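Q: Attaching a single structure in structure tokens format; questions to follow.
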Amino acid sequence: MNPRLAAARALGVVLAGKASLGSSLPEVLGKVEARDRALTQDLAFGTARWQPRLAGLAERLLQKPFKAADRDVEALLLIGLYQLFHTRIPPHAALGETVGCVDKLKKPWAKGLLNAVLRKAQREGEALFAELERDPVIRFAHPRWLQKALKAHWPAHWEAICQANNAHPPMMLRVNRRQANRNAYLAELQAAGITAHPCAFSEDGIRLEAACDVHQLPGFAEGRVSVQDEAAQLAAGLLDLAPGQRVLDACCAPGGKTCHILEREPALADVVALDLEPKRLQRVQENLDRLQLDASLIAADARATGAWWDGRHFDRILLDAPCSATGVIRRHPDIKLTRQADDIPPLATLQGEMLDALWLTLAVGGVLLYATCSVLPTENREVIEAFLNRTPGARELDLPTGFGVEQPHGRQLLPQQSGHDGFYYAKLIKIAAQPGGRTGR
């Protein structure tokens with residue numbers, strides 16, 4: 001499949017509103033032949049990353065908007081504009097290849113339209129951008145609802161957040177401390193010609209100067225190292241793990257945090273990894289197998305404790321709750337296209353329901369670590385504040401001060417260029433059982 005056509009079909013699905021969050025582009029990329037995959041990924045992800053700018057320009061260039069049935073042609077136009085203004089592809093190649101894809105869409109009428117619009121963009125685009133950039137949506141390439149939310153919640157940081165979201169994410173590694181230590185592995189990377197640096201906040205984290213194929217990493221197949229962002233690596237350390245504990249990782253897929261928990265404390269009594277979708281647990285099992293680790297995997301809705309919980313309380317719970325993923329836009333730029341402002345309140349409701357349900361499974365004296373990859377307080381400190389207000393036996397514990405921005409509840413990590421993703425953590429301890437509930441040990 002032509003990589004431009006593959007990218008256009010992926011984006012067309014997203015633009016038509018038929019994609020589930022974070023799945024459409026990767027799913028299509030997975031079906032592209034290996035030789036074309038890198039270009040397809042750049043076209044699809046790059047166009048999604050800059051879509052608000054490109055769509056604003058397209059609106060000025062077109063006499064009328066596309067019909068809903070022609071989202072694939074719209075996507076192809078945006079891909080052509082992306083190539084013209086955000087890549088080093090020669091303009092004649094960008095135009096010729098993009099227009100040439102129309103034949104495969106079986107919409108011959110679009111060939112002349114795309115050719116005319118792209119040529120006009122080539123002539124007038126820079127001047128139009130200069131005019132359009134008075135609108136912050138165009139200037140920062142974020143949908144209006146998100147740009148306004150970031151500005152309202154993070155007045156001193158919102159521009160930096162947008163810039164980090166538009167940057168290419170660094171590749172970060174987590175050294176498996178059961179098999180190696182970070183300093184020794186850094187030396188191995190250097191010997192292999194891979195430039196890398198220790199992460200600032202994660203004891204096991206390494207940032208690569210440039211991304212590479214995982215199979216170039218020394219010992220990757222043997223489980224000596226994994227790919228995981230630094231912000232996500234903080235979870236295992238914040239749990240205060242100790243021998244003999246029973247641990248639950250709720251919403252565990254793809255399993256990075258589950259594996260890190262087991263790497264940090266080999267003498268845990270039990271680790272239960274829970275996720276809603278059985279298909280996602282396959283990826284968790286693959287990661288466990290590569291790292292030579294064991295956990296009990298359960299496919300279930302975390303809120304339906306009667307369907308999966310055996311009544312034995314957990315000493316530690318990690319709830320990495322479903323969220324808007326607004327802290328990882330640079331890794332999943334189609335979030336800009338798939339998320340809407342109306343999505344956020346239902347997510348906050350779901351997060352509160354999961355906290356309430358899982359709290360009953362936590363032993364008195366146990367700790368629950370709440371996490372999201374969101375930068376929106378609606379899903380973070382406001383969820384924790386509401387939970388604490390309605391849960392008499394819950395108290396908040398202090399988090400280390402070395403990372404993130406202190407909040408009324410928890411700490412917020414904002415996405416950093418060449419650094420960690422956006423992430424939120426809050427740490428709760430159960431000082432008493434709820435009235436009428438089982439007490440735990």
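Going by the structure tokens order, chains are called A, B, ..., each with residues numbered from 1, while ligands are numbered from 1 in the order shown.
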Write out as a list in words all residues of region 266-376 of chain A that DSSP puts in strand (DSSP E or B) for this structure's backbone.
A: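 Listing strand (DSSP E or B) positions across region 266-376 of chain A yields Asp270, Val271, Val272, Ala273, Leu274, Asp275, Ser296, Leu297, Ile298, Ala299, Phe314, Asp315, Arg316, Ile317, Leu318, Leu319, Asp320, Leu362, Ala363, Val364, Gly365, Gly366, Val367, Leu368, Leu369, Tyr370, Ala371 and Thr372 of chain A.
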Q: Name all residues at most 8 Å from region 14-17 of chain A (count only C-alpha atoms; drop same-chain ones fewer than 2 positions away) and give them as a PyMOL selection string.
A: chain A and resi 10-12+19+24+68+71+75+334+337-338
Q: Just list the residues in region 286-353 of chain A DSSP gives alpha helix (DSSP H) on the backbone, as a list in words.
A: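 Here is the list: Glu286, Asn287, Leu288, Asp289, Arg290, Leu291, Thr305, Gly306, Ala307, Trp308, Ile335, Lys336, Leu337, Thr338, Ile344, Pro345, Pro346, Leu347, Ala348, Thr349, Leu350, Gln351, Gly352 and Glu353 of chain A.
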Q: For the selection just defined, write its residues with N, CA, C and O atoms to a file, as a compact mmCIF listing (two decimals), in the first residue's frame.
A:
```
# COMPACT_ATOMS: atom_id res chain seq x y z
N GLU A 286 3.03 -10.85 27.08
CA GLU A 286 4.25 -10.84 26.27
C GLU A 286 5.38 -10.11 26.98
O GLU A 286 6.53 -10.56 26.97
N ASN A 287 5.06 -8.98 27.61
CA ASN A 287 6.09 -8.24 28.34
C ASN A 287 6.58 -9.01 29.55
O ASN A 287 7.78 -9.03 29.85
N LEU A 288 5.67 -9.65 30.27
CA LEU A 288 6.06 -10.47 31.42
C LEU A 288 6.98 -11.61 30.98
O LEU A 288 7.99 -11.91 31.63
N ASP A 289 6.62 -12.26 29.87
CA ASP A 289 7.42 -13.38 29.39
C ASP A 289 8.83 -12.93 29.00
O ASP A 289 9.82 -13.60 29.34
N ARG A 290 8.94 -11.83 28.30
CA ARG A 290 10.26 -11.35 27.88
C ARG A 290 11.13 -11.01 29.08
O ARG A 290 12.34 -11.25 29.08
N LEU A 291 10.51 -10.47 30.12
CA LEU A 291 11.25 -10.06 31.31
C LEU A 291 11.37 -11.18 32.35
O LEU A 291 11.93 -10.97 33.42
N THR A 305 -16.15 -5.39 41.34
CA THR A 305 -15.29 -6.19 42.22
C THR A 305 -15.89 -7.57 42.52
O THR A 305 -15.15 -8.52 42.74
N GLY A 306 -17.21 -7.66 42.51
CA GLY A 306 -17.84 -8.96 42.76
C GLY A 306 -17.53 -9.99 41.71
O GLY A 306 -17.64 -11.19 41.97
N ALA A 307 -17.10 -9.54 40.53
CA ALA A 307 -16.82 -10.47 39.44
C ALA A 307 -15.37 -10.94 39.41
O ALA A 307 -15.08 -11.95 38.76
N TRP A 308 -14.46 -10.24 40.10
CA TRP A 308 -13.05 -10.62 39.97
C TRP A 308 -12.29 -10.68 41.29
O TRP A 308 -11.28 -11.37 41.39
N ILE A 335 -4.91 12.27 19.39
CA ILE A 335 -5.75 12.73 20.50
C ILE A 335 -6.31 14.12 20.20
O ILE A 335 -7.44 14.44 20.59
N LYS A 336 -5.55 14.93 19.50
CA LYS A 336 -6.04 16.26 19.13
C LYS A 336 -7.31 16.18 18.29
O LYS A 336 -8.13 17.10 18.30
N LEU A 337 -7.45 15.11 17.54
CA LEU A 337 -8.58 14.97 16.65
C LEU A 337 -9.74 14.21 17.29
O LEU A 337 -10.90 14.44 16.96
N THR A 338 -9.43 13.28 18.19
CA THR A 338 -10.47 12.40 18.72
C THR A 338 -11.09 12.88 20.02
O THR A 338 -12.23 12.54 20.32
N ILE A 344 -14.48 15.00 28.94
CA ILE A 344 -13.76 15.08 30.21
C ILE A 344 -14.64 14.81 31.43
O ILE A 344 -14.25 14.00 32.29
N PRO A 345 -15.82 15.41 31.58
CA PRO A 345 -16.64 15.10 32.77
C PRO A 345 -17.00 13.62 32.92
O PRO A 345 -16.90 13.09 34.03
N PRO A 346 -17.39 12.91 31.83
CA PRO A 346 -17.65 11.47 32.00
C PRO A 346 -16.41 10.69 32.44
O PRO A 346 -16.52 9.72 33.20
N LEU A 347 -15.24 11.10 31.97
CA LEU A 347 -14.01 10.43 32.40
C LEU A 347 -13.78 10.66 33.89
O LEU A 347 -13.40 9.73 34.62
N ALA A 348 -14.01 11.88 34.36
CA ALA A 348 -13.85 12.16 35.79
C ALA A 348 -14.83 11.33 36.62
O ALA A 348 -14.49 10.84 37.71
N THR A 349 -16.05 11.16 36.12
CA THR A 349 -17.03 10.31 36.82
C THR A 349 -16.54 8.87 36.90
O THR A 349 -16.61 8.22 37.95
N LEU A 350 -16.03 8.35 35.78
CA LEU A 350 -15.50 6.99 35.75
C LEU A 350 -14.34 6.84 36.72
O LEU A 350 -14.25 5.84 37.45
N GLN A 351 -13.46 7.80 36.75
CA GLN A 351 -12.30 7.75 37.65
C GLN A 351 -12.76 7.69 39.11
O GLN A 351 -12.20 6.92 39.92
N GLY A 352 -13.76 8.48 39.46
CA GLY A 352 -14.28 8.45 40.82
C GLY A 352 -14.92 7.11 41.15
O GLY A 352 -14.75 6.59 42.27
N GLU A 353 -15.63 6.53 40.21
CA GLU A 353 -16.25 5.23 40.43
C GLU A 353 -15.19 4.15 40.65
O GLU A 353 -15.37 3.25 41.50
```
Q: What's the 7 Å shell around region 270-279 of chain A, counting only C-alpha atoms, without same-chain residues fewer than 3 positions away, as a PyMOL selection string?
A: chain A and resi 245-253+258+282+295-301
Q: Quick one: distance from CA of Leu105 (chain A) to CA of Val117 (chain A) in Å, one decimal?
A: 17.9 Å
Q: Let me make sure I understand: among A:Val225, A:Leu76, A:Leu54, A:Cys259, which one has the smallest atom-to-atom distance to Phe140 (chain A) if we use only C-alpha atoms?
A: A:Leu54
Q: In Å, how far is it from CA of Leu399 (chain A) to CA of Lys427 (chain A)?
A: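 Distance reported for this atom pair: 7.1 Å.
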Q: Tell me, as number ranges by chain, which residues lie within 9 Å of Leu84 (chain A), counting only C-alpha atoms; anything in the same chain fewer than 5 positions away does not count.
A: A: 79, 89-91, 94-95, 118, 121-122
Q: Could you check which of A:Val405, A:Leu281, A:Ala325, A:Leu360 is closest to Arg381 (chain A), using only C-alpha atoms?
A: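 Among A:Val405, A:Leu281, A:Ala325, A:Leu360, it is A:Val405 that comes nearest to Arg381 (chain A).
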Q: Between A:Ala191, A:Leu414, A:Cys199, A:Ala130, which residue has the minimum interatomic distance to Val328 (chain A), considering only C-alpha atoms?
A: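 Closest to Val328 (chain A), using only C-alpha atoms: A:Leu414.
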Q: I'd like the neighbourhood of Arg316 (chain A) as JSON, numbers by chain, where a residue qualifies if any of its atoms comes within 6 Å (using only C-alpha atoms), though same-chain residues fewer than 6 positions away should be ignored.
A: {"A": [247, 366, 367, 368]}
